[in-house]
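Source file: protein.txt (compact mmCIF, C-alpha atoms)
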```txt
# COMPACT_ATOMS: atom_id res chain seq x y z
CA MET A 284 -76.20 63.96 -32.87
CA ILE A 285 -76.38 62.89 -36.51
CA ASN A 286 -74.05 61.45 -39.12
CA ARG A 287 -74.18 63.21 -42.48
CA ASN A 288 -71.83 60.95 -44.48
CA LYS A 289 -74.64 59.38 -46.51
CA ALA A 290 -76.98 62.39 -46.52
CA SER A 291 -78.18 64.22 -49.60
CA ILE A 292 -80.36 67.23 -50.41
CA LEU A 293 -83.50 66.16 -52.26
CA LYS A 294 -85.14 69.58 -52.48
CA CYS A 295 -84.15 73.10 -51.40
CA ILE A 296 -85.55 76.61 -51.68
CA ILE A 297 -84.49 80.08 -50.52
CA HIS A 298 -86.77 82.98 -49.50
CA LYS A 299 -86.12 86.28 -47.75
CA VAL A 300 -87.79 87.18 -44.47
CA GLY A 301 -88.46 90.77 -43.45
CA ASN A 302 -89.18 92.35 -40.10
CA LYS A 303 -92.76 92.90 -38.99
CA HIS A 304 -91.72 95.55 -36.46
CA ASN A 305 -89.87 97.61 -39.10
CA ASP A 306 -92.41 96.87 -41.83
CA THR A 307 -89.78 95.34 -44.15
CA LYS A 308 -91.40 92.82 -46.46
CA ASN A 309 -90.82 89.16 -47.27
CA ALA A 310 -89.68 88.05 -50.71
CA PHE A 311 -90.53 84.58 -51.97
CA SER A 312 -89.01 82.26 -54.58
CA GLU A 313 -91.29 80.49 -57.01
CA LYS A 314 -88.99 77.55 -57.73
CA GLU A 315 -86.58 75.27 -55.94
CA ILE A 316 -82.80 75.65 -56.23
CA HIS A 317 -81.09 73.64 -58.96
CA PHE A 318 -77.53 73.21 -57.73
CA ASP A 319 -74.44 72.84 -59.84
CA GLU A 320 -71.88 70.40 -58.47
CA ALA A 321 -69.71 73.04 -56.75
CA SER A 322 -72.56 74.81 -54.95
CA TYR A 323 -74.13 71.49 -53.88
CA ASP A 324 -70.84 70.22 -52.45
CA LEU A 325 -70.53 73.42 -50.42
CA MET A 326 -74.18 73.68 -49.36
CA LEU A 327 -74.69 70.15 -48.00
CA PRO A 328 -72.03 70.25 -45.23
CA PHE A 329 -72.82 73.92 -44.53
CA LEU A 330 -76.39 73.01 -43.61
CA LEU A 331 -75.86 69.71 -41.77
CA LYS A 332 -72.51 70.11 -39.99
CA PRO A 333 -73.98 72.13 -37.04
CA PHE A 334 -76.05 69.12 -35.98
CA THR A 335 -73.26 66.52 -35.98
CA SER A 336 -72.01 67.57 -32.54
CA LEU A 337 -75.34 68.23 -30.80
CA VAL A 338 -76.06 65.97 -27.84
CA GLN A 339 -79.48 67.12 -26.68
CA SER A 340 -82.63 67.03 -28.76
CA HIS A 341 -85.96 68.84 -28.50
CA ARG A 342 -89.61 68.05 -29.11
CA PHE A 343 -92.39 70.31 -30.37
CA ASN A 344 -94.51 72.01 -27.75
CA HIS A 345 -98.03 73.50 -27.68
CA HIS A 346 -100.32 74.54 -24.84
CA ALA A 347 -103.28 72.61 -26.27
CA ASN A 348 -102.23 70.01 -28.85
CA ILE A 349 -98.87 69.24 -30.47
CA GLU A 350 -100.60 68.85 -33.82
CA LEU A 351 -101.41 72.58 -33.65
CA ASN A 352 -97.74 73.56 -33.43
CA GLU A 353 -97.15 75.45 -36.69
CA ILE A 354 -93.71 74.09 -37.62
CA ASN A 355 -94.76 70.57 -36.65
CA ALA A 356 -97.79 70.85 -38.94
CA TYR A 357 -95.89 72.44 -41.85
CA THR A 358 -93.04 69.91 -41.81
CA ASN A 359 -95.53 67.02 -41.57
CA ASN A 360 -97.03 68.31 -44.83
CA ILE A 361 -93.64 68.08 -46.52
CA PHE A 362 -92.92 64.62 -45.07
CA LYS A 363 -96.25 63.41 -46.50
CA ASP A 364 -95.71 65.05 -49.90
CA ASP A 365 -92.38 66.62 -50.83
CA GLU A 366 -94.07 68.36 -53.76
CA ALA A 367 -95.58 70.67 -51.12
CA LEU A 368 -92.13 72.09 -50.30
CA VAL A 369 -92.49 75.37 -52.20
CA LYS A 370 -95.95 76.29 -50.91
CA THR A 371 -95.30 75.09 -47.36
CA SER A 372 -91.92 76.83 -47.12
CA ILE A 373 -93.68 80.15 -47.86
CA ASN A 374 -95.98 79.53 -44.89
CA ILE A 375 -92.92 78.76 -42.74
CA VAL A 376 -91.38 82.13 -43.66
CA LYS A 377 -94.66 83.91 -42.95
CA HIS A 378 -94.76 82.28 -39.51
CA LEU A 379 -91.17 83.38 -38.86
CA TYR A 380 -92.06 86.92 -39.97
CA GLU A 381 -94.86 87.09 -37.39
CA GLN A 382 -92.32 86.52 -34.60
CA SER A 383 -90.23 89.59 -35.51
CA ASP A 384 -91.87 91.91 -33.01
CA SER A 385 -88.84 94.07 -32.16
CA ALA A 386 -86.27 96.15 -34.02
CA GLN A 387 -83.38 93.88 -33.06
CA ILE A 388 -84.80 90.92 -35.02
CA LYS A 389 -82.72 90.73 -38.19
CA THR A 390 -83.95 90.21 -41.72
CA GLY A 391 -82.21 87.56 -43.80
CA ASP A 392 -82.32 84.58 -46.13
CA VAL A 393 -84.38 81.54 -45.13
CA ILE A 394 -83.38 78.16 -46.53
CA VAL A 395 -85.79 75.23 -46.32
CA ALA A 396 -84.27 71.91 -47.34
CA TYR A 397 -85.50 68.33 -47.52
CA PHE A 398 -82.75 65.78 -46.76
CA ASP A 399 -82.45 62.04 -47.20
CA GLY A 400 -79.93 59.55 -45.82
CA ILE A 401 -79.40 61.12 -42.39
CA GLU A 402 -78.06 58.65 -39.81
CA TYR A 403 -79.55 58.99 -36.31
CA ASN A 404 -79.53 56.36 -33.55
CA GLU A 405 -78.50 53.63 -36.02
CA MET A 406 -81.37 54.53 -38.37
CA VAL A 407 -81.19 56.12 -41.83
CA ILE A 408 -84.01 58.64 -42.15
CA ASP A 409 -85.12 61.80 -43.92
CA GLY A 410 -85.35 65.24 -42.36
CA ILE A 411 -86.36 68.83 -42.98
CA GLY A 412 -84.04 71.72 -42.23
CA ILE A 413 -85.01 75.36 -41.73
CA PHE A 414 -82.15 77.86 -41.68
CA LYS A 415 -81.96 81.61 -41.28
CA ILE A 416 -78.92 83.50 -42.59
CA GLU A 417 -78.72 86.85 -40.81
CA ASN A 418 -75.17 88.06 -41.39
CA LYS A 419 -73.43 88.49 -44.73
CA THR A 420 -69.64 88.64 -45.09
CA ASN A 421 -67.67 91.09 -47.23
CA PHE A 422 -65.35 89.45 -49.74
CA PHE A 423 -63.22 90.58 -52.71
CA GLN A 424 -64.22 89.55 -56.20
CA THR A 425 -61.53 89.84 -58.87
CA PHE A 426 -62.43 90.56 -62.50
CA LEU A 427 -60.65 91.21 -65.79
CA GLU A 428 -61.25 94.48 -67.58
CA ASN A 429 -59.19 96.03 -70.40
CA ASN A 430 -56.45 93.39 -70.00
CA SER A 431 -56.02 94.21 -66.28
CA TYR A 432 -57.39 92.65 -63.14
CA ASP A 433 -59.34 94.71 -60.66
CA VAL A 434 -61.32 94.01 -57.51
CA LEU A 435 -64.70 94.90 -56.10
CA VAL A 436 -66.31 94.15 -52.75
CA GLN A 437 -69.41 91.97 -52.60
CA LYS A 438 -71.44 90.52 -49.75
CA GLY A 439 -72.14 86.83 -49.40
CA ILE A 440 -72.94 83.99 -47.03
CA ASN A 441 -70.12 82.73 -44.85
CA ALA A 442 -70.05 78.98 -45.54
CA LYS A 443 -68.44 78.12 -42.17
CA LYS A 444 -71.55 78.29 -39.96
CA VAL A 445 -75.26 79.04 -40.09
CA ASP A 446 -76.71 81.76 -37.89
CA LYS A 447 -79.87 79.89 -36.94
CA GLY A 448 -81.01 76.44 -37.92
CA CYS A 449 -83.18 73.49 -36.98
CA LEU A 450 -83.44 69.96 -38.27
CA ILE A 451 -86.69 68.05 -37.87
CA LEU A 452 -86.10 64.32 -38.22
CA ASN A 453 -88.76 61.97 -39.53
CA THR A 454 -88.60 59.85 -36.39
CA GLY A 455 -89.56 60.32 -32.77
CA ASP A 456 -91.06 58.87 -29.63
CA THR A 457 -94.16 59.37 -27.50
CA GLU A 458 -93.30 63.08 -27.22
CA GLY A 459 -93.19 63.60 -30.98
CA LYS A 460 -90.59 64.08 -33.70
CA VAL A 461 -86.94 64.70 -32.88
CA VAL A 462 -85.90 68.34 -33.31
CA LEU A 463 -82.30 69.57 -33.29
CA THR A 464 -81.55 73.28 -33.20
CA VAL A 465 -78.66 75.75 -33.20
CA ASP A 466 -78.57 79.52 -32.67
CA ASN A 467 -75.21 81.22 -33.15
CA ASN A 468 -76.70 84.74 -33.03
CA ASN A 469 -78.44 84.42 -29.71
CA TYR A 470 -79.57 88.06 -29.36
CA ASP A 471 -83.12 87.00 -28.50
CA ALA A 472 -83.33 83.48 -27.08
CA ALA A 473 -87.13 83.43 -27.22
CA TYR A 474 -87.38 84.46 -30.89
CA TRP A 475 -86.12 81.25 -32.50
CA THR A 476 -86.70 78.42 -30.00
CA ASP A 477 -89.77 79.59 -28.08
CA LYS A 478 -91.76 81.70 -30.52
CA PHE A 479 -90.88 80.33 -33.96
CA LEU A 480 -90.22 76.66 -33.23
CA ASN A 481 -92.03 76.41 -29.85
CA ILE A 482 -89.92 73.49 -28.66
CA LYS A 483 -88.80 72.01 -25.35
CA TYR A 484 -86.00 69.66 -24.34
CA ALA A 485 -86.82 65.98 -24.70
CA ASP A 486 -87.70 64.21 -21.46
CA ASP A 487 -84.70 61.87 -21.56
CA HIS A 488 -81.47 61.12 -19.72
CA ASN A 489 -79.67 63.86 -21.65
CA SER A 490 -81.95 66.59 -20.33
CA HIS A 491 -82.08 65.05 -16.84
CA THR A 492 -78.28 65.12 -16.65
CA GLN A 493 -78.14 68.62 -18.10
CA ASN A 494 -80.73 70.00 -15.67
CA TYR A 495 -79.03 68.55 -12.61
CA LEU A 496 -75.58 69.78 -13.63
CA GLU A 497 -77.02 73.26 -14.30
CA LEU A 498 -78.60 73.18 -10.83
CA CYS A 499 -75.26 72.27 -9.24
CA LYS A 500 -73.35 74.93 -11.19
CA GLU A 501 -75.82 77.66 -10.24
CA PHE A 502 -75.87 76.52 -6.60
CA SER A 503 -72.06 76.51 -6.47
CA THR A 504 -71.89 80.10 -7.74
CA GLU A 505 -74.81 81.73 -5.96
CA ILE A 506 -74.69 79.92 -2.61
CA ILE A 507 -71.38 78.14 -1.99
CA LYS A 508 -69.02 80.76 -3.44
CA THR A 509 -70.93 83.62 -1.84
CA THR A 510 -71.03 81.97 1.59
CA TYR A 511 -67.84 79.88 1.76
CA GLY A 512 -65.53 81.10 -1.02
CA ALA A 513 -64.14 80.02 -4.41
CA GLN A 514 -62.19 77.05 -3.04
CA GLU A 515 -65.32 75.44 -1.59
CA ARG A 516 -67.16 76.10 -4.86
CA ALA A 517 -64.45 74.35 -6.87
CA ASP A 518 -64.36 71.47 -4.40
CA PHE A 519 -68.14 71.00 -4.64
CA LEU A 520 -68.08 70.98 -8.46
CA ALA A 521 -65.18 68.52 -8.56
CA LYS A 522 -67.03 66.16 -6.19
CA THR A 523 -70.20 66.53 -8.26
CA ILE A 524 -68.43 65.57 -11.49
CA ASP A 525 -66.70 62.68 -9.72
CA PHE A 526 -70.05 61.40 -8.41
CA PHE A 527 -71.53 61.47 -11.93
CA LYS A 528 -68.48 59.67 -13.34
CA GLU A 529 -68.69 56.88 -10.76
CA ASN A 530 -72.46 56.29 -10.93
CA GLU A 531 -74.43 55.19 -13.99
CA ILE A 532 -77.62 56.07 -12.11
CA VAL A 533 -77.83 59.26 -10.05
CA ASN A 534 -80.03 59.10 -6.98
CA ILE A 535 -80.49 62.53 -5.45
CA GLU A 536 -80.70 61.30 -1.86
CA ARG A 537 -77.45 59.39 -2.23
CA PHE A 538 -75.88 62.39 -3.96
CA LYS A 539 -76.66 64.64 -1.00
CA GLU A 540 -75.35 62.11 1.49
CA ASP A 541 -72.06 61.70 -0.40
CA ILE A 542 -71.42 65.37 -1.24
CA PHE A 543 -72.56 67.30 1.84
CA GLU A 544 -71.05 66.78 5.28
CA GLU A 545 -73.60 68.77 7.28
CA ASP A 546 -77.42 68.77 7.32
CA LYS A 547 -77.53 72.56 7.01
CA HIS A 548 -75.80 72.29 3.63
CA ILE A 549 -78.39 69.75 2.50
CA ASP A 550 -81.14 72.13 3.57
CA LEU A 551 -79.52 74.95 1.59
CA PHE A 552 -79.34 72.70 -1.48
CA GLU A 553 -82.96 71.57 -1.16
CA SER A 554 -84.17 75.13 -0.79
CA TYR A 555 -82.19 76.30 -3.80
CA LYS A 556 -83.37 73.31 -5.86
CA LYS A 557 -87.02 74.36 -5.35
CA GLU A 558 -86.22 77.92 -6.44
CA PHE A 559 -84.30 76.65 -9.48
CA GLU A 560 -87.15 74.38 -10.57
CA ALA A 561 -89.66 77.23 -10.26
CA GLU A 562 -87.50 79.72 -12.18
CA GLN A 563 -86.63 77.26 -14.97
CA ASN A 564 -90.11 75.72 -15.06
CA ILE A 565 -88.68 72.20 -14.83
CA VAL A 566 -88.85 69.24 -12.44
CA ILE A 567 -85.56 67.67 -11.35
CA ARG A 568 -85.88 63.88 -11.32
CA ASN A 569 -85.10 62.09 -8.05
CA GLN A 570 -83.30 59.38 -10.00
CA PHE A 571 -82.03 59.26 -13.57
CA GLU A 572 -79.50 57.63 -15.88
CA VAL A 573 -76.33 59.64 -16.48
CA SER A 574 -75.63 60.81 -20.03
CA ASP A 575 -71.86 60.50 -20.54
CA LYS A 576 -72.03 62.74 -23.61
CA VAL A 577 -73.68 65.57 -21.67
CA LEU A 578 -71.36 65.04 -18.70
CA ASN A 579 -68.22 65.29 -20.83
CA LYS A 580 -69.53 68.33 -22.68
CA GLU A 581 -70.55 70.19 -19.52
CA LYS A 582 -67.37 69.26 -17.67
CA LYS A 583 -65.34 71.19 -20.25
CA LYS A 584 -67.41 74.32 -19.53
CA ILE A 585 -66.87 74.30 -15.77
CA LYS A 586 -64.31 76.82 -14.58
CA THR A 587 -62.64 75.97 -11.27
CA ASP A 588 -60.06 78.77 -11.32
CA ILE A 589 -59.70 80.89 -8.19
CA LYS A 590 -59.08 84.44 -9.40
CA LEU A 591 -57.45 86.76 -6.88
CA ASP A 592 -57.31 90.57 -6.89
CA THR A 593 -53.48 90.37 -6.81
CA ASN A 594 -53.40 89.19 -10.46
CA ILE A 595 -52.78 85.58 -9.41
CA GLN A 596 -54.95 82.62 -10.42
CA ILE A 597 -55.05 79.14 -8.90
CA LYS A 598 -56.32 76.51 -11.31
CA LEU A 599 -57.87 73.41 -9.75
CA ASP A 600 -58.28 70.08 -11.54
CA ILE A 601 -61.96 69.22 -11.98
CA ASP A 602 -61.04 65.51 -12.15
CA ALA A 603 -59.22 65.54 -8.79
CA PRO A 604 -61.91 66.32 -6.18
CA GLU A 605 -59.68 65.65 -3.16
CA ALA A 606 -56.71 67.75 -4.30
CA ALA A 607 -58.03 71.12 -3.13
CA SER A 608 -59.00 69.96 0.36
CA GLU A 609 -55.73 68.04 0.87
CA HIS A 610 -53.16 70.38 -0.68
CA LEU A 611 -54.71 73.85 -0.57
CA GLU A 612 -55.07 75.82 2.65
CA ARG A 613 -56.81 79.18 3.05
CA GLY A 614 -56.00 81.63 5.84
CA TYR A 615 -55.74 85.26 6.92
CA ASP A 616 -52.52 87.19 7.64
CA GLU A 617 -53.05 89.66 10.50
CA ASP A 618 -49.89 91.66 9.70
CA LYS A 619 -50.74 92.21 6.02
CA LYS A 620 -54.47 92.26 6.64
CA MET A 621 -54.92 90.00 3.62
CA HIS A 622 -56.25 86.52 2.89
CA TYR A 623 -53.84 83.90 1.55
CA TYR A 624 -53.70 80.42 0.03
CA LYS A 625 -50.98 77.94 0.97
CA VAL A 626 -50.27 75.26 -1.67
CA PHE A 627 -48.48 72.00 -0.79
CA PHE A 628 -46.60 69.98 -3.43
CA ASN A 629 -43.69 67.58 -3.90
CA VAL A 630 -42.35 68.37 -7.36
CA GLU A 631 -42.71 71.49 -9.46
CA GLY A 632 -43.95 70.67 -12.92
```

For the file at hand, write its structure as structure tokens.
Amino acid sequence: MINRNKASILKCIIHKVGNKHNDTKNAFSEKEIHFDEASYDLMLPFLLKPFTSLVQSHRFNHHANIELNEINAYTNNIFKDDEALVKTSINIVKHLYEQSDSAQIKTGDVIVAYFDGIEYNEMVIDGIGIFKIENKTNFFQTFLENNSYDVLVQKGINAKKVDKGCLILNTGDTEGKVVLTVDNNNYDAAYWTDKFLNIKYADDHNSHTQNYLELCKEFSTEIIKTTYGAQERADFLAKTIDFFKENEIVNIERFKEDIFEEDKHIDLFESYKKEFEAEQNIVIRNQFEVSDKVLNKEKKKIKTDIKLDTNIQIKLDIDAPEAASEHLERGYDEDKKMHYYKVFFNVEG
């Protein structure tokens, strides 16, 4: 998460990237952009706004040596000498072009920008942004001809959001420089993050919290809901969120003791955790600090509604873990040959 209030664009250039699979070619600019005031005032927030709400960060990855990661090496060149922006940005586009190995990879404009004055973790630093614009928007352009106004349709960039973008900050830790990324056209998840950037989540409390919550969400859907029903799934998720809210440090052994009432449920969870780690190629920490930012963000995504085939939905409060078990009762009606839920309450809202 960054603050862009004091940020500025020092240098910026635009190229066009083709598609290797379709044999459409790249097109390169020879000079940087020289903004007028109006275009600069529109471009700066357009490029940086996507990163102001990001919680998790990434680090560069490489099977042999991080220094051999292409984008890491190219952006280091620009950090060392910003006069290398034009030449290095061409190499960045060529690297992106090499990843377009299928017909669905879109051509588009590539913007490479060098920023100053970005606020991150109470530091003011510089950063390099790489953006790909894949979709153009139709808009009307009015013009005067023979004393009358007419219109024509033109295509342009929608200034509300970028399609794909990353911001490499000139700061880091033992894992390397901080990388933030967005992908609003996620038609090929591997294309941008894995192949082009080759990045991984940072090994910090944000990713530890994210991984564990993802494990619990998947377990609740694939195991609990399938075996015990939607009410038990919602109850498990509510208790999970409540446990994270009440504990600054999550210890997995204590989590299992507090959440599960029977040993067989703990065994199911442990078995699923091993499968999840293998599939996701991650290791869930046995103890980690809770990230409140990740917790609040993920909590909003959790759906605890019970959807019934009779066009009725029961919405459970994720922040009230005991409500479902105390005031919601599930049963089966022999006469109607149907399941039912009985809801207890005092006052109708």

- Counting all atoms listed in the file, figure out which residue out of A:Val300, A:Leu368, A:Ile565, A:Leu452 gets nearest to Val407 (chain A). A:Leu452

Contact check, region 337-394 of chain A to region 481-490 of chain A, at most 8 Å, counting all atoms listed in the file, closest pairs as a tab-separated table:
```
residue	atom	partner	partner_atom	distance
A:Val338	CA	A:Asn489	CA	7.5
A:Gln339	CA	A:Asn489	CA	6.0
A:Ser340	CA	A:Ala485	CA	5.9
A:His341	CA	A:Tyr484	CA	4.2
A:Arg342	CA	A:Ile482	CA	5.5
A:Phe343	CA	A:Ile482	CA	4.4
A:Asn344	CA	A:Ile482	CA	4.9
A:His345	CA	A:Asn481	CA	7.0
A:Asn352	CA	A:Asn481	CA	7.3
```

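Nearest to Phe479 (chain A) of all the residues A:Val533, A:Gln382, A:Phe527, A:Asp546 is A:Gln382, based on all atoms listed in the file.
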
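We find CA of Phe543 (chain A) and CA of Glu515 (chain A) to be spaced 11.4 Å apart.
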
Region 306-313 of chain A: which residues within 10 Å, counting all atoms listed in the file, same-chain residues fewer than 3 positions away excluded, as an mmCIF file with C-alpha atoms, in the frame of the given file?
```cif
data_model
loop_
_atom_site.group_PDB
_atom_site.id
_atom_site.type_symbol
_atom_site.label_atom_id
_atom_site.label_comp_id
_atom_site.auth_asym_id
_atom_site.auth_seq_id
_atom_site.Cartn_x
_atom_site.Cartn_y
_atom_site.Cartn_z
ATOM 1 C CA ILE A 296 -85.550 76.610 -51.680
ATOM 2 C CA ILE A 297 -84.490 80.080 -50.520
ATOM 3 C CA HIS A 298 -86.770 82.980 -49.500
ATOM 4 C CA LYS A 299 -86.120 86.280 -47.750
ATOM 5 C CA VAL A 300 -87.790 87.180 -44.470
ATOM 6 C CA GLY A 301 -88.460 90.770 -43.450
ATOM 7 C CA ASN A 302 -89.180 92.350 -40.100
ATOM 8 C CA LYS A 303 -92.760 92.900 -38.990
ATOM 9 C CA ILE A 316 -82.800 75.650 -56.230
ATOM 10 C CA VAL A 369 -92.490 75.370 -52.200
ATOM 11 C CA LYS A 370 -95.950 76.290 -50.910
ATOM 12 C CA SER A 372 -91.920 76.830 -47.120
ATOM 13 C CA ILE A 373 -93.680 80.150 -47.860
ATOM 14 C CA VAL A 376 -91.380 82.130 -43.660
ATOM 15 C CA LYS A 377 -94.660 83.910 -42.950
ATOM 16 C CA TYR A 380 -92.060 86.920 -39.970
ATOM 17 C CA SER A 383 -90.230 89.590 -35.510
ATOM 18 C CA ALA A 386 -86.270 96.150 -34.020
ATOM 19 C CA THR A 390 -83.950 90.210 -41.720
ATOM 20 C CA GLY A 391 -82.210 87.560 -43.800
ATOM 21 C CA ASP A 392 -82.320 84.580 -46.130
ATOM 22 C CA VAL A 393 -84.380 81.540 -45.130
#
```

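Taking CA of Gln437 (chain A) as the reference point, CA of Phe423 (chain A) is found at 6.3 Å.
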
- Message: Taking all atoms listed in the file into account, name the residue in A:Tyr511, A:Tyr623, A:Phe329, A:Phe362 that is nearest to Lys460 (chain A).
- Response: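 With all atoms listed in the file as the atom set, the closest residue is A:Phe362.
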
- Which value, in Å to one decimal, gives the distance between CA of Thr504 (chain A) and CA of Arg516 (chain A)?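 That distance, rounded to one decimal, is 6.8 Å.
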
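Residues surrounding Lys363 (chain A) within 12 Å are Ala356, Tyr357, Thr371, Tyr397, Asp409, Gly410, Ile411 and Asn453 of chain A [only C-alpha atoms; sequence separation below 6 positions excluded].
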
- Task: Pick out the residues sitting within 12 Å of Thr492 (chain A), and hand them over as a ChimeraX atom specification; count only C-alpha atoms, and ignore anything fewer than 3 positions along from it in its own chain.
- Result: /A:338-339,484-489,495-499,523-524,527-528,531-535,567-582

Based on the selection just made, write C-alpha atoms of those residues as a JSON list (two decimals), in the coordinates of the input.
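Just written: again-v7.json:
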```json
[["chain", "number", "residue", "atom", "x", "y", "z"],
["A", 338, "VAL", "CA", -76.06, 65.97, -27.84],
["A", 339, "GLN", "CA", -79.48, 67.12, -26.68],
["A", 484, "TYR", "CA", -86.00, 69.66, -24.34],
["A", 485, "ALA", "CA", -86.82, 65.98, -24.70],
["A", 486, "ASP", "CA", -87.70, 64.21, -21.46],
["A", 487, "ASP", "CA", -84.70, 61.87, -21.56],
["A", 488, "HIS", "CA", -81.47, 61.12, -19.72],
["A", 489, "ASN", "CA", -79.67, 63.86, -21.65],
["A", 495, "TYR", "CA", -79.03, 68.55, -12.61],
["A", 496, "LEU", "CA", -75.58, 69.78, -13.63],
["A", 497, "GLU", "CA", -77.02, 73.26, -14.30],
["A", 498, "LEU", "CA", -78.60, 73.18, -10.83],
["A", 499, "CYS", "CA", -75.26, 72.27, -9.24],
["A", 523, "THR", "CA", -70.20, 66.53, -8.26],
["A", 524, "ILE", "CA", -68.43, 65.57, -11.49],
["A", 527, "PHE", "CA", -71.53, 61.47, -11.93],
["A", 528, "LYS", "CA", -68.48, 59.67, -13.34],
["A", 531, "GLU", "CA", -74.43, 55.19, -13.99],
["A", 532, "ILE", "CA", -77.62, 56.07, -12.11],
["A", 533, "VAL", "CA", -77.83, 59.26, -10.05],
["A", 534, "ASN", "CA", -80.03, 59.10, -6.98],
["A", 535, "ILE", "CA", -80.49, 62.53, -5.45],
["A", 567, "ILE", "CA", -85.56, 67.67, -11.35],
["A", 568, "ARG", "CA", -85.88, 63.88, -11.32],
["A", 569, "ASN", "CA", -85.10, 62.09, -8.05],
["A", 570, "GLN", "CA", -83.30, 59.38, -10.00],
["A", 571, "PHE", "CA", -82.03, 59.26, -13.57],
["A", 572, "GLU", "CA", -79.50, 57.63, -15.88],
["A", 573, "VAL", "CA", -76.33, 59.64, -16.48],
["A", 574, "SER", "CA", -75.63, 60.81, -20.03],
["A", 575, "ASP", "CA", -71.86, 60.50, -20.54],
["A", 576, "LYS", "CA", -72.03, 62.74, -23.61],
["A", 577, "VAL", "CA", -73.68, 65.57, -21.67],
["A", 578, "LEU", "CA", -71.36, 65.04, -18.70],
["A", 579, "ASN", "CA", -68.22, 65.29, -20.83],
["A", 580, "LYS", "CA", -69.53, 68.33, -22.68],
["A", 581, "GLU", "CA", -70.55, 70.19, -19.52],
["A", 582, "LYS", "CA", -67.37, 69.26, -17.67]]
```

- Across A:Asn348, A:Ile585, A:Ile601, A:Ile292, the smallest distance to Gly459 (chain A), with only C-alpha atoms counted, is shown by A:Asn348
